[in-house]
Amino acid sequence: MATAMSPVAERENYLNQEYGVRSWLLTTDHKRIALLYLASITFFFFVGGLFALLIRLELLTPAGDLVQADTYNKLFTMHGQIMVFFFLVPSIPAVLGNFLVPLMIGARDLAFPRINLLSWYLYIIGGILMMHAVLTGGVDTGWTFYTPFSTAFSNTKVIEAGLAIFVVGFSSILTGLNFVVTIHRMRAPGMTWWRLPLFIWSMYATSIIFLLGTPVLAITLTLVIFERAFHLGIFDPTRGGDPLLFQHLFWFYSHPAVYIMILPSMGIVSEIVPCFSRKRIFGYSFVAMASIGIAVLGFLVWAHHMFVAGMSIYAALIFSFLSYLVAVPSAIKVFNWTATLYKGSITFSTPLLYAFGFIGLFTMGGLTGLFLAALGVDVHVTDTYFVIAHFHYIMVGGAVMGYLGGMHFWWPKISGRMYPESLGKLAALIVFIGFNLTFFPQFILGYLGMPRRYWQYPPEFQVLNVLSTAGSTILAVGYVLPMIYFLWSMRYGKHAEPNPWGAAGLEWMTPSPPPTSNFEETPQVTWEAYDYGNIDLPKEVPVER
Amino acid sequence: MFDNFPLWPARASTTAGNVDALYIFLVVLSAFMSVAIFVMILAFAARYRRRPGHAAEQIEGSTILEITWSVIPFGVFVVIFVWGAVIFFQERTPPRGATEIYVVAKQWMWKLEHEEGHREINELHVPVGRDVKMILTSQDVIHSFYVPAFRIKQDVVPGRYTTAWFRPTRPGTYHLFCAEYCGTQHSGMIGQVVVMEPSQYEAWLSGGGATGSLASTGQSLFQQFACSTCHRLDAQGSGPNLTGRFGKPVLLEDGRTVIEDENYIRESILNPSAKIVAGFKPIMPPFQGMVTEEQLNALVAYIKSLSENPSGPAGSPTMLPAGTQPQSTKGAMKWLPQ
Amino acid sequence: MSDSPVIVESHNPAQQHHFADMEQQRQAASLGMWLFLATEVMFFGGMFCAYLIYRYWYYPEFAAGSQTLDIRLGAINTGVLICSSLTVALSVRAAQFGKRKLLVTLLVATILLGLVFLGIKGVEWASKFEEHHVPGPSFHFEPTAHSHPNTKIDPRRIQIFFSLYFAMTGIHALHMVIGVGLFAVLTFYAWKGRYNSAYYTPIENAGLYWHFVDIIWIYLFPLLYLIDRKK
């Protein structure tokens with residue numbers, strides 16, 4: 001076990017090992033690359049969030065009176081593209097995954113550190129292309145790029161945005177490749193598959209989707225770009241093509257993509273809940289297999305986005321049924337997390353509050369997925385605010401809360417500092433309240449018939465829209481707070497112990513922050529995961545003074 | 001319900017009540033499950049909060065529980081699936097004898113044409129209690145025909161026909177929205193469906209504005225484009241006799257069998273060599289680029305009118321040799337692109 | 001805790017320090033390349049999917065379009081690529097046996113064969129441009145004597161064939177260019193003596209990539225060139 005009580009920042013760690021811009025921009029240390037990603041995705045989160053605020057401001061009134069219609073169409077398009085491709089898809093894997101995967105399995109680094117750095121540069125290149133598209137006119141196709149509008153009618157920067165997403169997709173393919181090889185080949189002695197932390201299982205499942213799904217998006221975007229640039233007609237009916245072919249190809253990636261966005265968060269919750277209940281996760285192997293199950297089944301349900309697109313009834317039936325099948329492993333996880341609390345010894349820390357928020361809001365979001373999978377109901381609610389509410393419950397109420405919970409949980413390890421706990425809890429509460437106020441009214445709006453992507457709307461929808469906008473301002477505060485106090489803590493926060501939470505896992509057996517090589521000696525693992533009953537851990541979470 | 005805080009739109013079609021029933025069931029189920037999870041988490045968190053002398057009990061898991069809470073939810077899901085599928089089948093199966101409305105969507109308006117020839121823009125007048133089937137196509141990008149009060153929605157795709165149907169049950173004026181993003185004025189592509197009492201509807205119909213029924217327009221076009229040169233209605237010409245064939249299977253040159261429906265007629269006008277009827281030569285010229293969507297609608301309506309009234313007895317001669325079994329069409333032929 | 005299994009003394013200069021030993025590094029690199037090839041299958045798969053669907057719908061047009069492709073050049077190119085896969089396989093073997101000169105020769109031969117392929121492809125594309133078979137405003141298709149006399153070719157549908165032809169062969173050619181570049185780098189390092197029986201993983205993995213691009217062509221050739229060529 002690594003020695004714990006080192007005095008303040010004298011000890012060499014990955015942060016102070018070398019200084020200077022070049023040491024960061026040319027690093028191959030997975031931990032530094034994780035921080036490079038942290039800065040980049042946080043930037044894009046706030047850009048996407050700004051667009052969201054503008055959208056909500058416009059929707060305060062039924063008339064289109066804040067921005068022009070074309071501008072509004074660009075706002076929701078770029079909000080979606082930036083949030084999906086530049087924040088949600090990379091966030092947890094590229095930040096927490098990069099940082100933790102080698103640590104959790106007892107390795108020195110990922111299998112391909114230089115490819116890891118390349119991944120980040122590809123992200124940056126894609127990001128620059130995207131920002132350029134945003135700043136020189138924007139895109140107005142919707143993040144879904146449906147043809148023939150995107151190929152033959154839109155006058156905006158479709159090619160550039162498509163290229164940006166292609167490049168950033170390549171970044172995530174390489175990250176997935178790195179993770180799979182690392183997990184297969186670089187586990188420390190004794191770290192068998194069934195001893196892996198569930199976060200690793202979820203990273204593995206996510207990486208499978210990265211590898212097999214993203215290339216299909218890449219070729220789809222390529223064909224769209226070719227069509228626009230070279231007047232091909234693959235998706236254009238006036239030139240012999242089929243618009244529905246685009247939809248099938250697009251959703252073949254974009255549905256598994258939503259599992260990319262949620263599986264890592266689920267993995268985080270599986271780490272937080274046992275730690276703050278001081279007991280093993282309930283049903284470890286079921287949770288692990290559920291992750292794999294979600295990844296596999298997630299590839300089989302894409303056309304549930306197309307029930308009213310003009311598909312045959314029989315295709316719709318099949319995809320509806322499979323969509324119900326994929327809901328089962330998610331339900332299993334929710335029950336297992338809840339059961340983990342039973343007869344535990346629970347400490348209400350900020351990470352646990354975020355985990356609770358995740359479980360509750362993901363449950364609600366997932367249940368509304370049942371509505372959408374029901375063919376008869378979907379006809380009414382698809383393409384309305386009901387869908388918007390559904391996916392925001394999962395992606396914001398779920399994925400983002402999981403991400404924030406994970407950032408708080410591992411912040412001591414990453415930065416060597418503690419964040420202020422009471423502010424942490426306050427921010428979590430603000431996020432929870434703001435989130436529900438923003439998005440719950442949208443379920444009702446959707447069932448009442450308000451379609452998506454509407455710049456102006458009939459007056460009877462106004463009250464619910466006002467509620468939603470009010471909520472979004474509260475939510476924004478909840479997101480800004482952690483930014484501020486995390487930055488504050490890097491200078492003024494209390495120095496962190498190697499294991500401030502008394503958590504199980506190899507990452508906690510190395511100093512906070514870790515040395516560049518992660519471990520003084522390669523760990524030899526002889527215990528099971530989440531061994532809270534047996535290993536030499538405090539029975540209670542050490543309380544912050 | 002809840003006039004000041006409605007939770008659902010007016011119910012104005014036969015489908016609406018069915019959809020709402022499943023929706024309410026799902027709401028109750030979701031509320032129950034959400035509350036159950038919330039309560040359990042909070043209860044466990046409170047009951048098992050950290051207290052001195054109370055260590056956590058290390059519980060591995062329980063395979064029985066795992067199976068139970070996999071199988072029971074899945075069972076519930078199957079029920080929901082079947083219920084939703086049944087409603088969907090009804091929604092997607094227009095009844096015979098439905099009044100037909102041809103809809104052409106374009107950026108950013110709805111053009112609707114009644115069988116009798118009435119044309120409307122962004123408005124659709126229909127009588128209470130009559131089945132209405134819409135045959136929809138787009139002139140440019142994908143749109144979606146959405147009437148919340150009827151709980152129906154159907155994407156309108158360029159290059160082909162899609163269909164939707166409803167039977168209104170309550171007089172009133174209801175929103176018509178475009179529900180598939182289509183560009184600048186997507187949110188301005190709003191109209192209304194006006195459901196009237198049958199007598200009022202008749203009055204509206206006879207109030208002028210008709211330019212002749214759609215089918216009679218189609219008949220003029222049939223002459224104008226010289227279709228009747230080859231497609232004689234009294235005997236066999238160089239092209240197949242078109243009477244009495246609508247909705248029936250037809251054998252093609254290459255051995256396939258397809259159903260002669262709206263999409264087949266449309267394709268055969270635009271690109272005749274795609275599906276040649278068995279026994280005929282591919283000599284029909286393509287009309288791609290020479291007919292507008294509205295003209296196509298009229299021609300389709302006319303050719304359909306040459307068949308027996310769908311609610312009347314069948315009995316027109318088919319083109320299949322006796323004893324031929326149609327191959328399985330898998331419903332696929334209907335939606336081939338043009 | 002027992003002693004770390006990391007071997008400190010006499011490790012291969014090619015071993016990267018985050019690996020425990022060369023074997024782990026080799027296995028990691030190999031698994032990485034196989035996974036990358038899986039992503040390439042999915043990438044090309046999207047186009048093959050589009051191809052299959054449109055061929056099923058537009059068979060006469062696909063047949064007519066296919067018959068305008070030069071089957072001799074296509075066959076020659078197929079032979080060229082198969083030969084290049086042979087030189088690749090032999091180069092792996094040469095590396096295994098530490099035969100530096102042979103290795104360099106075979107790598108150069110591979111590059112040359114790759115360039116021949118690209119050259120022939122360029123010739124084919126040029127003739128397509130001349131015949132106005134490139135989709136777009138200048139597209140013009142004359143049904144040749146080879147197409148079925150009874151078949152009317154829809155000019156829009158046949159453009160789909162050519163769109164897919166250019167997209168698929170174009171992206172394949174791009175992968176060839178990348179492959180040639182990869183092998184150029186390998187040739188340089190091979191000439192410098194970096195590869196030997198203890199370390200030839202890059203040759204092996206680049207070889208895998210080359211074989212994969214070759215296999216894609218083996219599918220492309222019959223699918224694009226050999227539709228309805230009974231006569």
# chains A, B, ... in the order shown; residues from 1 in each chain; ligands from 1
>>> interface_residues(of="chain B", to="chain A", cutoff="6 Å", atoms="only C-alpha atoms", output="list in words")
Trp8, Pro9, Val19, Ser30, Phe44, Tyr48, Arg49, Arg50, Ala56, Glu57, Gln58, Glu60, Gly61, Phe81, Gly84, Ala85, Ile87, Phe88, Val141, Pro148, Arg151, Ile152, Lys153, Gln154, Asp155, Gly159, Ala179, Thr184 and Ser187 of chain B
>>> write_last_selection(atoms="N, CA and C atoms", output="CSV table (one decimal), in the first residue's frame")
chain,number,residue,atom,x,y,z
B,8,TRP,N,-54.0,16.9,-21.5
B,8,TRP,CA,-54.0,16.3,-22.9
B,8,TRP,C,-54.9,17.1,-23.8
B,9,PRO,N,-54.7,17.0,-25.1
B,9,PRO,CA,-55.6,17.8,-26.0
B,9,PRO,C,-57.0,17.2,-26.0
B,19,VAL,N,-55.6,5.9,-27.3
B,19,VAL,CA,-54.3,6.4,-27.1
B,19,VAL,C,-54.2,6.9,-25.6
B,30,SER,N,-45.8,4.6,-14.2
B,30,SER,CA,-44.5,5.4,-14.1
B,30,SER,C,-44.5,6.1,-12.7
B,44,PHE,N,-34.4,3.9,2.9
B,44,PHE,CA,-33.2,3.2,3.2
B,44,PHE,C,-32.1,4.2,3.7
B,48,TYR,N,-31.0,3.5,7.3
B,48,TYR,CA,-29.6,2.9,7.3
B,48,TYR,C,-28.5,3.9,7.3
B,49,ARG,N,-28.9,5.1,7.8
B,49,ARG,CA,-27.9,6.2,7.8
B,49,ARG,C,-26.8,5.7,8.8
B,50,ARG,N,-25.7,6.3,8.7
B,50,ARG,CA,-24.5,5.9,9.5
B,50,ARG,C,-24.8,6.2,11.0
B,56,ALA,N,-22.4,-1.9,8.2
B,56,ALA,CA,-23.1,-2.4,7.0
B,56,ALA,C,-23.1,-3.9,7.0
B,57,GLU,N,-24.1,-4.5,6.4
B,57,GLU,CA,-24.1,-5.9,6.3
B,57,GLU,C,-23.8,-6.3,4.8
B,58,GLN,N,-22.8,-7.1,4.7
B,58,GLN,CA,-22.3,-7.4,3.3
B,58,GLN,C,-23.2,-8.4,2.7
B,60,GLU,N,-24.2,-10.2,-0.8
B,60,GLU,CA,-23.7,-10.4,-2.2
B,60,GLU,C,-24.7,-10.1,-3.2
B,61,GLY,N,-25.9,-10.6,-3.0
B,61,GLY,CA,-26.9,-10.5,-4.0
B,61,GLY,C,-28.0,-11.6,-3.8
B,81,PHE,N,-46.4,-3.5,-24.8
B,81,PHE,CA,-46.1,-3.6,-26.2
B,81,PHE,C,-47.3,-4.1,-27.0
B,84,GLY,N,-49.9,-1.3,-27.2
B,84,GLY,CA,-49.5,-0.3,-28.1
B,84,GLY,C,-49.6,-0.7,-29.5
B,85,ALA,N,-49.2,-2.0,-29.7
B,85,ALA,CA,-49.2,-2.5,-31.1
B,85,ALA,C,-50.7,-2.6,-31.7
B,87,ILE,N,-53.2,-0.7,-30.9
B,87,ILE,CA,-53.7,0.6,-31.2
B,87,ILE,C,-53.0,1.0,-32.6
B,88,PHE,N,-51.7,0.7,-32.7
B,88,PHE,CA,-51.0,1.1,-33.9
B,88,PHE,C,-51.6,0.4,-35.1
B,141,VAL,N,-39.0,18.7,-48.9
B,141,VAL,CA,-38.3,18.0,-47.8
B,141,VAL,C,-39.3,17.2,-47.0
B,148,PRO,N,-52.9,16.9,-33.1
B,148,PRO,CA,-52.9,16.4,-31.7
B,148,PRO,C,-54.3,15.9,-31.2
B,151,ARG,N,-54.7,12.5,-32.3
B,151,ARG,CA,-53.6,11.7,-31.9
B,151,ARG,C,-53.0,11.0,-33.1
B,152,ILE,N,-53.0,11.6,-34.3
B,152,ILE,CA,-52.4,11.0,-35.4
B,152,ILE,C,-51.2,11.9,-35.9
B,153,LYS,N,-50.2,11.2,-36.4
B,153,LYS,CA,-49.1,11.9,-37.0
B,153,LYS,C,-48.5,11.0,-38.1
B,154,GLN,N,-48.1,11.6,-39.2
B,154,GLN,CA,-47.5,10.8,-40.3
B,154,GLN,C,-46.5,11.6,-41.0
B,155,ASP,N,-45.3,11.1,-41.1
B,155,ASP,CA,-44.3,11.8,-41.9
B,155,ASP,C,-44.7,11.9,-43.3
B,159,GLY,N,-41.1,12.1,-52.9
B,159,GLY,CA,-40.8,10.9,-53.7
B,159,GLY,C,-41.7,9.7,-53.5
B,179,ALA,N,-44.8,18.4,-37.9
B,179,ALA,CA,-44.0,17.9,-36.8
B,179,ALA,C,-42.6,17.4,-37.2
B,184,THR,N,-36.9,27.1,-42.3
B,184,THR,CA,-37.1,28.4,-41.7
B,184,THR,C,-38.5,28.5,-41.0
B,187,SER,N,-42.1,26.2,-37.9
B,187,SER,CA,-43.1,26.5,-36.8
B,187,SER,C,-44.3,27.3,-37.3
>>> interface_residues(of="chain A", to="chain C", cutoff="9 Å", atoms="only C-alpha atoms", output="ChimeraX atom specification")
/A:1,107-113,173-174,177-178,180-182,184-186,210-220,223,226-227,230-234,238-241,245,249,517,521-524
>>> write_last_selection(atoms="C-alpha atoms", output="mmCIF file, in the first residue's frame")
data_model
loop_
_atom_site.group_PDB
_atom_site.id
_atom_site.type_symbol
_atom_site.label_atom_id
_atom_site.label_comp_id
_atom_site.auth_asym_id
_atom_site.auth_seq_id
_atom_site.Cartn_x
_atom_site.Cartn_y
_atom_site.Cartn_z
ATOM 1 C CA MET A 1 0.000 0.000 0.000
ATOM 2 C CA ALA A 107 -1.624 -0.262 -14.918
ATOM 3 C CA ARG A 108 0.946 2.412 -15.597
ATOM 4 C CA ASP A 109 -0.914 4.007 -18.450
ATOM 5 C CA LEU A 110 -3.296 3.130 -21.244
ATOM 6 C CA ALA A 111 -2.109 0.693 -23.914
ATOM 7 C CA PHE A 112 -1.464 3.439 -26.470
ATOM 8 C CA PRO A 113 -0.537 6.714 -24.759
ATOM 9 C CA ILE A 173 -13.144 5.582 -31.806
ATOM 10 C CA LEU A 174 -9.503 5.776 -30.778
ATOM 11 C CA LEU A 177 -9.881 1.216 -28.932
ATOM 12 C CA ASN A 178 -7.435 2.260 -26.253
ATOM 13 C CA VAL A 180 -10.631 -2.171 -24.838
ATOM 14 C CA VAL A 181 -7.007 -3.106 -25.400
ATOM 15 C CA THR A 182 -6.001 -1.729 -22.010
ATOM 16 C CA HIS A 184 -7.907 -6.842 -21.968
ATOM 17 C CA ARG A 185 -4.147 -6.708 -21.763
ATOM 18 C CA MET A 186 -2.975 -4.538 -18.907
ATOM 19 C CA PHE A 210 -17.588 3.510 -29.730
ATOM 20 C CA LEU A 211 -15.847 0.969 -31.923
ATOM 21 C CA LEU A 212 -18.789 -0.546 -33.719
ATOM 22 C CA GLY A 213 -21.224 2.362 -33.901
ATOM 23 C CA THR A 214 -19.216 5.491 -34.564
ATOM 24 C CA PRO A 215 -17.827 4.334 -37.921
ATOM 25 C CA VAL A 216 -21.361 4.092 -39.260
ATOM 26 C CA LEU A 217 -21.932 7.717 -38.327
ATOM 27 C CA ALA A 218 -18.661 8.508 -40.028
ATOM 28 C CA ILE A 219 -19.682 6.948 -43.325
ATOM 29 C CA THR A 220 -23.161 8.483 -43.117
ATOM 30 C CA LEU A 223 -22.055 10.407 -47.791
ATOM 31 C CA PHE A 226 -20.298 13.956 -50.774
ATOM 32 C CA GLU A 227 -23.920 14.517 -51.683
ATOM 33 C CA PHE A 230 -20.550 16.488 -55.524
ATOM 34 C CA HIS A 231 -24.260 16.439 -56.325
ATOM 35 C CA LEU A 232 -24.705 12.764 -55.680
ATOM 36 C CA GLY A 233 -28.260 11.643 -55.030
ATOM 37 C CA ILE A 234 -28.061 8.791 -52.590
ATOM 38 C CA THR A 238 -35.435 13.836 -57.003
ATOM 39 C CA ARG A 239 -32.218 12.115 -57.952
ATOM 40 C CA GLY A 240 -33.277 8.548 -57.331
ATOM 41 C CA GLY A 241 -32.315 8.367 -53.699
ATOM 42 C CA LEU A 245 -31.983 5.266 -46.005
ATOM 43 C CA LEU A 249 -27.912 4.783 -41.301
ATOM 44 C CA SER A 517 3.676 6.238 -13.008
ATOM 45 C CA GLU A 521 5.062 -1.005 -7.531
ATOM 46 C CA THR A 522 2.630 -2.980 -9.621
ATOM 47 C CA PRO A 523 -0.239 -3.975 -7.357
ATOM 48 C CA GLN A 524 -0.993 -7.637 -6.753
#
>>> atom_distance(atom1="CA of Arg26 (chain C)", atom2="CA of Pro515 (chain A)")
26.2 Å
>>> interface_residues(of="chain B", to="chain C", cutoff="7 Å", atoms="only C-alpha atoms", output="list of chain:residue names")
B:Asn271, B:Ser273, B:Pro282
>>> select_by_dssp(residues="region 38-129 of chain B", states="helix (DSSP H, G or I)", output="ChimeraX atom specification")
/B:38-47,63-92
>>> write_last_selection(atoms="C-alpha atoms", output="PDB file, in the first residue's frame")
ATOM      1  CA  PHE B  38     -37.802   7.458  -4.530  1.00  0.00           C
ATOM      2  CA  VAL B  39     -39.444   6.297  -1.327  1.00  0.00           C
ATOM      3  CA  MET B  40     -37.252   3.237  -1.045  1.00  0.00           C
ATOM      4  CA  ILE B  41     -34.097   5.204  -1.559  1.00  0.00           C
ATOM      5  CA  LEU B  42     -35.067   7.841   0.946  1.00  0.00           C
ATOM      6  CA  ALA B  43     -36.336   5.267   3.416  1.00  0.00           C
ATOM      7  CA  PHE B  44     -33.186   3.198   3.181  1.00  0.00           C
ATOM      8  CA  ALA B  45     -31.047   6.291   3.375  1.00  0.00           C
ATOM      9  CA  ALA B  46     -32.787   7.384   6.520  1.00  0.00           C
ATOM     10  CA  ARG B  47     -33.123   3.991   8.140  1.00  0.00           C
ATOM     11  CA  THR B  63     -30.342 -14.562  -7.910  1.00  0.00           C
ATOM     12  CA  ILE B  64     -34.005 -15.117  -7.123  1.00  0.00           C
ATOM     13  CA  LEU B  65     -34.551 -11.397  -6.697  1.00  0.00           C
ATOM     14  CA  GLU B  66     -32.653 -10.639  -9.882  1.00  0.00           C
ATOM     15  CA  ILE B  67     -34.785 -13.039 -11.862  1.00  0.00           C
ATOM     16  CA  THR B  68     -37.947 -11.727 -10.263  1.00  0.00           C
ATOM     17  CA  TRP B  69     -37.255  -8.144 -10.997  1.00  0.00           C
ATOM     18  CA  SER B  70     -36.263  -8.992 -14.525  1.00  0.00           C
ATOM     19  CA  VAL B  71     -39.176 -11.221 -15.396  1.00  0.00           C
ATOM     20  CA  ILE B  72     -41.962  -9.180 -13.838  1.00  0.00           C
ATOM     21  CA  PRO B  73     -41.001  -5.912 -15.495  1.00  0.00           C
ATOM     22  CA  PHE B  74     -40.535  -7.725 -18.782  1.00  0.00           C
ATOM     23  CA  GLY B  75     -43.987  -9.190 -18.417  1.00  0.00           C
ATOM     24  CA  VAL B  76     -45.413  -5.745 -17.865  1.00  0.00           C
ATOM     25  CA  PHE B  77     -43.454  -4.505 -20.874  1.00  0.00           C
ATOM     26  CA  VAL B  78     -44.948  -7.207 -23.063  1.00  0.00           C
ATOM     27  CA  VAL B  79     -48.429  -6.123 -22.004  1.00  0.00           C
ATOM     28  CA  ILE B  80     -47.625  -2.523 -22.889  1.00  0.00           C
ATOM     29  CA  PHE B  81     -46.094  -3.621 -26.179  1.00  0.00           C
ATOM     30  CA  VAL B  82     -49.154  -5.590 -27.216  1.00  0.00           C
ATOM     31  CA  TRP B  83     -51.521  -2.840 -26.159  1.00  0.00           C
ATOM     32  CA  GLY B  84     -49.519  -0.251 -28.112  1.00  0.00           C
ATOM     33  CA  ALA B  85     -49.244  -2.530 -31.107  1.00  0.00           C
ATOM     34  CA  VAL B  86     -52.989  -3.080 -31.263  1.00  0.00           C
ATOM     35  CA  ILE B  87     -53.660   0.648 -31.248  1.00  0.00           C
ATOM     36  CA  PHE B  88     -50.975   1.085 -33.886  1.00  0.00           C
ATOM     37  CA  PHE B  89     -52.524  -1.504 -36.174  1.00  0.00           C
ATOM     38  CA  GLN B  90     -55.794   0.308 -35.979  1.00  0.00           C
ATOM     39  CA  GLU B  91     -54.091   3.624 -36.634  1.00  0.00           C
ATOM     40  CA  ARG B  92     -52.301   2.257 -39.660  1.00  0.00           C
TER      41      ARG B  92
END
>>> select_by_dssp(residues="region 2-213 of chain B", states="strand (DSSP E)", output="VMD selection string")
chain B and resid 99 to 106 109 to 114 119 to 121 123 to 127 132 to 138 143 to 147 152 to 156 162 to 166 172 to 178 191 to 196
>>> write_last_selection(atoms="C-alpha atoms", output="PDB file, in the first residue's frame")
ATOM      1  CA  THR B  99     -63.148   9.507 -48.012  1.00  0.00           C
ATOM      2  CA  GLU B 100     -59.825  10.333 -49.524  1.00  0.00           C
ATOM      3  CA  ILE B 101     -57.966  13.571 -49.170  1.00  0.00           C
ATOM      4  CA  TYR B 102     -54.806  14.167 -51.150  1.00  0.00           C
ATOM      5  CA  VAL B 103     -52.269  16.227 -49.287  1.00  0.00           C
ATOM      6  CA  VAL B 104     -49.209  17.879 -50.738  1.00  0.00           C
ATOM      7  CA  ALA B 105     -46.852  19.437 -48.231  1.00  0.00           C
ATOM      8  CA  LYS B 106     -44.329  21.990 -49.247  1.00  0.00           C
ATOM      9  CA  MET B 109     -47.759  25.139 -46.279  1.00  0.00           C
ATOM     10  CA  TRP B 110     -50.248  22.337 -46.590  1.00  0.00           C
ATOM     11  CA  LYS B 111     -52.175  21.885 -49.817  1.00  0.00           C
ATOM     12  CA  LEU B 112     -55.177  19.632 -49.469  1.00  0.00           C
ATOM     13  CA  GLU B 113     -57.531  18.423 -52.145  1.00  0.00           C
ATOM     14  CA  HIS B 114     -60.812  16.660 -51.609  1.00  0.00           C
ATOM     15  CA  ARG B 119     -58.866  22.652 -52.634  1.00  0.00           C
ATOM     16  CA  GLU B 120     -57.760  24.032 -49.328  1.00  0.00           C
ATOM     17  CA  ILE B 121     -54.611  25.613 -48.056  1.00  0.00           C
ATOM     18  CA  GLU B 123     -57.183  24.055 -43.604  1.00  0.00           C
ATOM     19  CA  LEU B 124     -59.092  20.836 -43.798  1.00  0.00           C
ATOM     20  CA  HIS B 125     -62.844  20.641 -43.501  1.00  0.00           C
ATOM     21  CA  VAL B 126     -64.264  17.243 -42.660  1.00  0.00           C
ATOM     22  CA  PRO B 127     -67.615  15.978 -41.431  1.00  0.00           C
ATOM     23  CA  VAL B 132     -61.047  10.134 -43.772  1.00  0.00           C
ATOM     24  CA  LYS B 133     -57.945   8.702 -45.375  1.00  0.00           C
ATOM     25  CA  MET B 134     -55.160  11.029 -46.335  1.00  0.00           C
ATOM     26  CA  ILE B 135     -52.696  10.317 -49.070  1.00  0.00           C
ATOM     27  CA  LEU B 136     -49.704  12.489 -48.426  1.00  0.00           C
ATOM     28  CA  THR B 137     -46.612  13.486 -50.295  1.00  0.00           C
ATOM     29  CA  SER B 138     -44.116  16.285 -50.161  1.00  0.00           C
ATOM     30  CA  HIS B 143     -42.694  17.206 -43.274  1.00  0.00           C
ATOM     31  CA  SER B 144     -45.066  15.558 -40.822  1.00  0.00           C
ATOM     32  CA  PHE B 145     -48.835  15.855 -40.637  1.00  0.00           C
ATOM     33  CA  TYR B 146     -49.792  16.093 -36.980  1.00  0.00           C
ATOM     34  CA  VAL B 147     -53.224  16.668 -35.463  1.00  0.00           C
ATOM     35  CA  ILE B 152     -52.357  11.034 -35.422  1.00  0.00           C
ATOM     36  CA  LYS B 153     -49.056  11.858 -36.980  1.00  0.00           C
ATOM     37  CA  GLN B 154     -47.520  10.757 -40.255  1.00  0.00           C
ATOM     38  CA  ASP B 155     -44.289  11.848 -41.881  1.00  0.00           C
ATOM     39  CA  VAL B 156     -44.761  13.248 -45.357  1.00  0.00           C
ATOM     40  CA  THR B 162     -47.627   7.839 -47.157  1.00  0.00           C
ATOM     41  CA  THR B 163     -51.096   7.427 -45.720  1.00  0.00           C
ATOM     42  CA  ALA B 164     -52.929   8.198 -42.521  1.00  0.00           C
ATOM     43  CA  TRP B 165     -56.546   8.038 -41.522  1.00  0.00           C
ATOM     44  CA  PHE B 166     -58.926   9.239 -38.830  1.00  0.00           C
ATOM     45  CA  GLY B 172     -64.611  21.834 -33.533  1.00  0.00           C
ATOM     46  CA  THR B 173     -61.454  23.407 -34.829  1.00  0.00           C
ATOM     47  CA  TYR B 174     -58.205  21.656 -34.066  1.00  0.00           C
ATOM     48  CA  HIS B 175     -54.550  22.408 -34.592  1.00  0.00           C
ATOM     49  CA  LEU B 176     -52.708  20.994 -37.535  1.00  0.00           C
ATOM     50  CA  PHE B 177     -48.932  21.119 -36.995  1.00  0.00           C
ATOM     51  CA  CYS B 178     -45.957  20.205 -39.087  1.00  0.00           C
ATOM     52  CA  GLY B 191     -53.144  25.024 -39.955  1.00  0.00           C
ATOM     53  CA  GLN B 192     -56.400  23.733 -38.660  1.00  0.00           C
ATOM     54  CA  VAL B 193     -58.763  20.881 -39.115  1.00  0.00           C
ATOM     55  CA  VAL B 194     -62.376  21.996 -39.014  1.00  0.00           C
ATOM     56  CA  VAL B 195     -64.763  19.230 -38.064  1.00  0.00           C
ATOM     57  CA  MET B 196     -68.344  20.037 -38.955  1.00  0.00           C
TER      58      MET B 196
END
>>> residues_around(residues="Ala95 (chain C)", least_positions_apart="5", cutoff="12 Å", atoms="only C-alpha atoms", output="ChimeraX atom specification")
/C:88-90,100-107,186-187,189-191,193-204,207
>>> residues_around(residues="Gly97 (chain A)", least_positions_apart="2", cutoff="9 Å", atoms="only C-alpha atoms", output="list in words")
Ala34, Ser91, Ile92, Pro93, Ala94, Val95, Phe99, Leu100, Val101, Pro102, Phe179, Phe199, Ile200, Met203 and Pro264 of chain A
>>> atom_distance(atom1="CA of Leu60 (chain A)", atom2="CA of Phe461 (chain A)")
10.0 Å
>>> atom_distance(atom1="CA of Phe235 (chain A)", atom2="CA of Tyr181 (chain B)")
16.8 Å
>>> residues_around(residues="Gln107 (chain B)", least_positions_apart="6", cutoff="8 Å", atoms="only C-alpha atoms", output="number ranges by chain")
B: 140-141, 182-183, 185-186, 189
>>> write_last_selection(atoms="C-alpha atoms", output="short mmCIF file (atom, residue, chain, number, x, y, z; two decimals), in the first residue's frame")
data_model
loop_
_atom_site.label_atom_id
_atom_site.label_comp_id
_atom_site.auth_asym_id
_atom_site.auth_seq_id
_atom_site.Cartn_x
_atom_site.Cartn_y
_atom_site.Cartn_z
CA ASP B 140 -39.51 19.20 -51.22
CA VAL B 141 -38.30 18.02 -47.80
CA CYS B 182 -38.36 21.47 -42.47
CA GLY B 183 -36.56 24.77 -42.46
CA GLN B 185 -40.90 28.46 -41.26
CA HIS B 186 -41.30 24.98 -39.82
CA MET B 189 -46.55 25.59 -41.07
#
